[in-house]
Amino acid sequence: MTETFTTGNAPAEKVSFFDDPATGLRAIIVIHSTALGPAAGGCRFWSYAQKDDAVADALRLAEGMTYKNALAGLPFGGGKAVIMRPEGEFDREALFKAFGRAVDSLSGNYITAEDVGTHVSDMQAVRSVTRHVAGLPSDGSHAGGDPSPWTALGVFLSLRHAVERRLGGKLAGRTVAVQGVGNVGMELCRLLHQDGAQLVVADGSAERAAKAAHLYGAVVVAPDELLSADVDVVAPCALGAVLNERSIESLKAKVVCGAANNQLAVPEDGRRLAARGILYAPDYLVNAGGIINVVAEKMGEASAAVDERVRRIPERLAAVLDAAEASGEGPNFVADAMARAIVAEARPQARRVA
Ligand code: NAD
């Protein structure tokens with residue numbers, strides 16, 4: 001493991017780089033804020049063209065986690081890890097153990113879990129070298145396991161609220177386009193299908209899209225056609241920055257509500273959506289179910305507590321949308337302001353990272 005440094009200008013409290021040639025690990029861990037408690041956020045395992053892209057992703061994701069945890073009322077700050085996927089063959093277990101040692105070196109100031117590209121088995125490898133990890137299998141006596149179903153539940157309940165608010169009436173008969181049917185998107189499809197919604201899906205993996213068609217009667221479209229599909233709702237559940245000036249122009253949906261982190265390419269896109277009369281449900285507010293489960297696992301709480309907290313996400317969405325309507329501001333700006341106020345209030349007691 002090498003180099004650890006704290007940024008001078010970036011808003012993050014600490015940015016650490018880890019290189020372990022023996023396993024091929026190249027990772028960045030960003031602790032954005034510990035004002036509310038230890039920084040909690042998942043670990044992304046992805047192919048990046050260059051290190052700068054991975055750093056930019058980690059910084060953006062970590063800041064989002066600070067706001068997500070604050071708005072969800074969790075006693076945790078925000079952080080995120082990004083592992084650059086090695087080219088060629090590698091020993092996955094050894095790589096995640098090396099990552100676990102990196103997490104351990106931060107002395108509990110960062111707690112990791114699953115994100116895009118990582119699975120429960122990876123977190124088990126991490127757990128073999130550090131206790132600062134969640135998303136591990138549960139024996140049923142307390143919360144734990146894959147956080148994705150909880151994320152999907154929070155998104156589903158929020159989407160239902162957003163449809164009632166913007167379009168009136170229930171979900172049954174409404175059309176929803178789900179971009180990405182991975183861990184969260186597939187479960188979201190199940191819940192939407194159960195509630196009578198008609199589905200349109202796209203996924204980079206034809207196999208996954210076909211599974212959604214088979215299980216939930218979804219119509220499959222090409223990934224580049226998904227956002228402009230003639231539907232009531234678009235649910236981005238793949239990667240970030242999919243809503244930009246051009247894609248927003250092409251949207252036919254009146255509601256955007258999905259699980260993907262950092263859906264807006266730039267904050268101004270929130271105003272662009274509002275100007276087109278499209279209700280945007282802020283991503284980190286509605287996708288907090290997973291981190292709510294992760295935190296409950298760390299605190300040894302029961303799954304019933306997770307269920308209760310996740311079911312309250314639509315209340316917070318309603319408060320943000322009410323304030324957005326009253327002020328004429330984009331819901332993303334309102335959510336950011338609310339989250340920053342919560343963090344600022346806690347700042348006097350903030351623990352500094354050693
Ligand atoms: P995942 O890797 O299981 O699924 C992502 C899916 O998107 C994959 O099937 C992939 O093939 C597909 N995909 C990638 N690019 C695509 C494109 N351009 N068009 C269509 N499909 C595409 O990841 P996940 O855990 O389901 O997470 C999905 C999103 O939700 C991510 O942005 C993640 O950060 C966010 N999120 C996840 C959780 C969680 O609990 N897993 C919590 C909060 C936020």
# chains A, B, ... in the order shown; residues from 1 in each chain; ligands from 1
$ residues_around --residues "range 163-165 of chain A" --least-positions-apart "5" --cutoff "8 Å" --atoms "only C-alpha atoms" --output "mmCIF file with all heavy atoms, in the first residue's frame"
data_model
loop_
_atom_site.group_PDB
_atom_site.id
_atom_site.type_symbol
_atom_site.label_atom_id
_atom_site.label_comp_id
_atom_site.auth_asym_id
_atom_site.auth_seq_id
_atom_site.Cartn_x
_atom_site.Cartn_y
_atom_site.Cartn_z
ATOM 1 N N LYS A 170 -52.998 5.649 -9.488
ATOM 2 C CA LYS A 170 -52.095 4.566 -9.081
ATOM 3 C C LYS A 170 -51.119 4.204 -10.191
ATOM 4 O O LYS A 170 -51.209 4.694 -11.308
ATOM 5 C CB LYS A 170 -52.941 3.327 -8.739
ATOM 6 C CG LYS A 170 -54.010 3.571 -7.693
ATOM 7 C CD LYS A 170 -53.733 2.747 -6.464
ATOM 8 C CE LYS A 170 -54.659 3.074 -5.312
ATOM 9 N NZ LYS A 170 -54.267 4.211 -4.507
ATOM 10 N N LEU A 171 -50.232 3.280 -9.840
ATOM 11 C CA LEU A 171 -49.220 2.827 -10.799
ATOM 12 C C LEU A 171 -49.792 1.867 -11.850
ATOM 13 O O LEU A 171 -49.294 1.803 -12.976
ATOM 14 C CB LEU A 171 -48.122 2.084 -10.048
ATOM 15 C CG LEU A 171 -46.790 2.776 -9.863
ATOM 16 C CD1 LEU A 171 -45.866 1.885 -9.064
ATOM 17 C CD2 LEU A 171 -46.159 3.120 -11.200
ATOM 18 N N VAL A 233 -42.835 7.010 -16.905
ATOM 19 C CA VAL A 233 -41.745 7.162 -15.924
ATOM 20 C C VAL A 233 -40.461 6.561 -16.483
ATOM 21 O O VAL A 233 -40.498 5.517 -17.134
ATOM 22 C CB VAL A 233 -42.075 6.392 -14.620
ATOM 23 C CG1 VAL A 233 -40.990 6.600 -13.565
ATOM 24 C CG2 VAL A 233 -43.436 6.777 -14.073
ATOM 25 N N VAL A 255 -42.000 11.694 -15.227
ATOM 26 C CA VAL A 255 -41.381 11.424 -13.918
ATOM 27 C C VAL A 255 -40.052 10.716 -14.142
ATOM 28 O O VAL A 255 -39.979 9.803 -14.971
ATOM 29 C CB VAL A 255 -42.294 10.514 -13.051
ATOM 30 C CG1 VAL A 255 -41.574 10.070 -11.777
ATOM 31 C CG2 VAL A 255 -43.603 11.219 -12.708
#
$ closest_atom_pairs --of "chain A" --to "ligand 1" --cutoff "9 Å" --atoms "only C-alpha atoms and all ligand atoms" --output "CSV"
residue,atom,partner,partner_atom_place_in_ligand_line,distance
A:Gly42,CA,ligand 1,42 (C),8.1
A:Arg44,CA,ligand 1,34 (O),7.8
A:Leu61,CA,ligand 1,34 (O),8.2
A:Glu114,CA,ligand 1,41 (N),6.6
A:Asp115,CA,ligand 1,41 (N),5.3
A:Val116,CA,ligand 1,2 (O),4.2
A:Gly117,CA,ligand 1,2 (O),5.0
A:Thr118,CA,ligand 1,2 (O),7.7
A:His119,CA,ligand 1,3 (O),8.7
A:Asp146,CA,ligand 1,40 (O),7.2
A:Pro147,CA,ligand 1,40 (O),4.5
A:Ser148,CA,ligand 1,40 (O),3.5
A:Pro149,CA,ligand 1,40 (O),6.9
A:Trp150,CA,ligand 1,40 (O),6.8
A:Thr151,CA,ligand 1,40 (O),4.9
A:Ala152,CA,ligand 1,40 (O),7.5
A:Val178,CA,ligand 1,20 (C),8.3
A:Gln179,CA,ligand 1,20 (C),4.9
A:Gly180,CA,ligand 1,21 (N),3.5
A:Val181,CA,ligand 1,9 (O),4.9
A:Gly182,CA,ligand 1,4 (O),3.3
A:Asn183,CA,ligand 1,26 (O),3.7
A:Val184,CA,ligand 1,26 (O),3.8
A:Gly185,CA,ligand 1,26 (O),5.5
A:Met186,CA,ligand 1,26 (O),7.6
A:Glu187,CA,ligand 1,26 (O),8.7
A:Val201,CA,ligand 1,20 (C),8.0
A:Ala202,CA,ligand 1,20 (C),4.9
A:Asp203,CA,ligand 1,21 (N),3.3
A:Gly204,CA,ligand 1,11 (O),4.3
A:Ser205,CA,ligand 1,11 (O),4.9
A:Ala206,CA,ligand 1,11 (O),8.4
A:Arg208,CA,ligand 1,9 (O),6.4
A:Ala209,CA,ligand 1,9 (O),8.1
A:Ala222,CA,ligand 1,19 (N),8.0
A:Pro223,CA,ligand 1,19 (N),4.5
A:Asp224,CA,ligand 1,19 (N),7.1
A:Leu226,CA,ligand 1,19 (N),7.8
A:Pro236,CA,ligand 1,29 (C),7.6
A:Cys237,CA,ligand 1,29 (C),4.5
A:Ala238,CA,ligand 1,7 (O),3.8
A:Leu239,CA,ligand 1,32 (O),4.3
A:Gly240,CA,ligand 1,32 (O),5.8
A:Val242,CA,ligand 1,18 (N),8.2
A:Gly258,CA,ligand 1,30 (O),7.7
A:Ala259,CA,ligand 1,30 (O),4.3
A:Ala260,CA,ligand 1,32 (O),3.3
A:Asn261,CA,ligand 1,32 (O),4.5
A:Asn262,CA,ligand 1,32 (O),7.4
A:Gln263,CA,ligand 1,32 (O),8.0
A:Asp283,CA,ligand 1,44 (C),8.0
A:Tyr284,CA,ligand 1,43 (C),7.4
A:Val286,CA,ligand 1,43 (C),8.6
A:Asn287,CA,ligand 1,43 (C),4.9
A:Ala288,CA,ligand 1,43 (C),6.1
A:Gly289,CA,ligand 1,42 (C),6.9
A:Gly290,CA,ligand 1,40 (O),4.3
A:Ile291,CA,ligand 1,42 (C),6.8
A:Asn293,CA,ligand 1,40 (O),8.9
$ residues_around --residues "Phe96 in chain A" --least-positions-apart "3" --cutoff "8 Å" --atoms "only C-alpha atoms" --output "ChimeraX atom specification"
/A:92-93,99-100,122-123,125-126
$ select_by_dssp --residues "range 38-247 of chain A" --states "alpha helix (DSSP H)" --output "ChimeraX atom specification"
/A:51-71,92-104,120-127,148-166,183-194,206-216,245-247
$ residues_around --residues "Gln50 in chain A" --least-positions-apart "5" --cutoff "12 Å" --atoms "only C-alpha atoms" --output "number ranges by chain"
A: 26, 55-57, 83-86
$ closest_residue --among "A:Leu264, A:Val306, A:Gly330, A:Ala337" --to "Arg276 in chain A" --atoms "only C-alpha atoms"
A:Gly330
$ residues_around --residues "Ser250 in chain A" --least-positions-apart "3" --cutoff "7 Å" --atoms "only C-alpha atoms" --output "list in words"
Ser228, Arg246 and Ser247 of chain A
$ closest_residue --among "A:Ala281, A:Val15, A:Val133, A:Ala40" --to "Ile28 in chain A" --atoms "only C-alpha atoms"
A:Val15
$ select_by_dssp --residues "range 148-294 of chain A" --states "strand (DSSP E or B)" --output "JSON, numbers by chain"
{"A": [175, 176, 177, 178, 179, 198, 199, 200, 201, 202, 219, 220, 233, 234, 235, 236, 243, 255, 256, 264, 279, 280]}
$ atom_distance --atom1 "CA of Leu192 in chain A" --atom2 "CA of Asp139 in chain A"
28.6 Å
$ atom_distance --atom1 "CA of Pro282 in chain A" --atom2 "CA of Ile248 in chain A"
15.1 Å
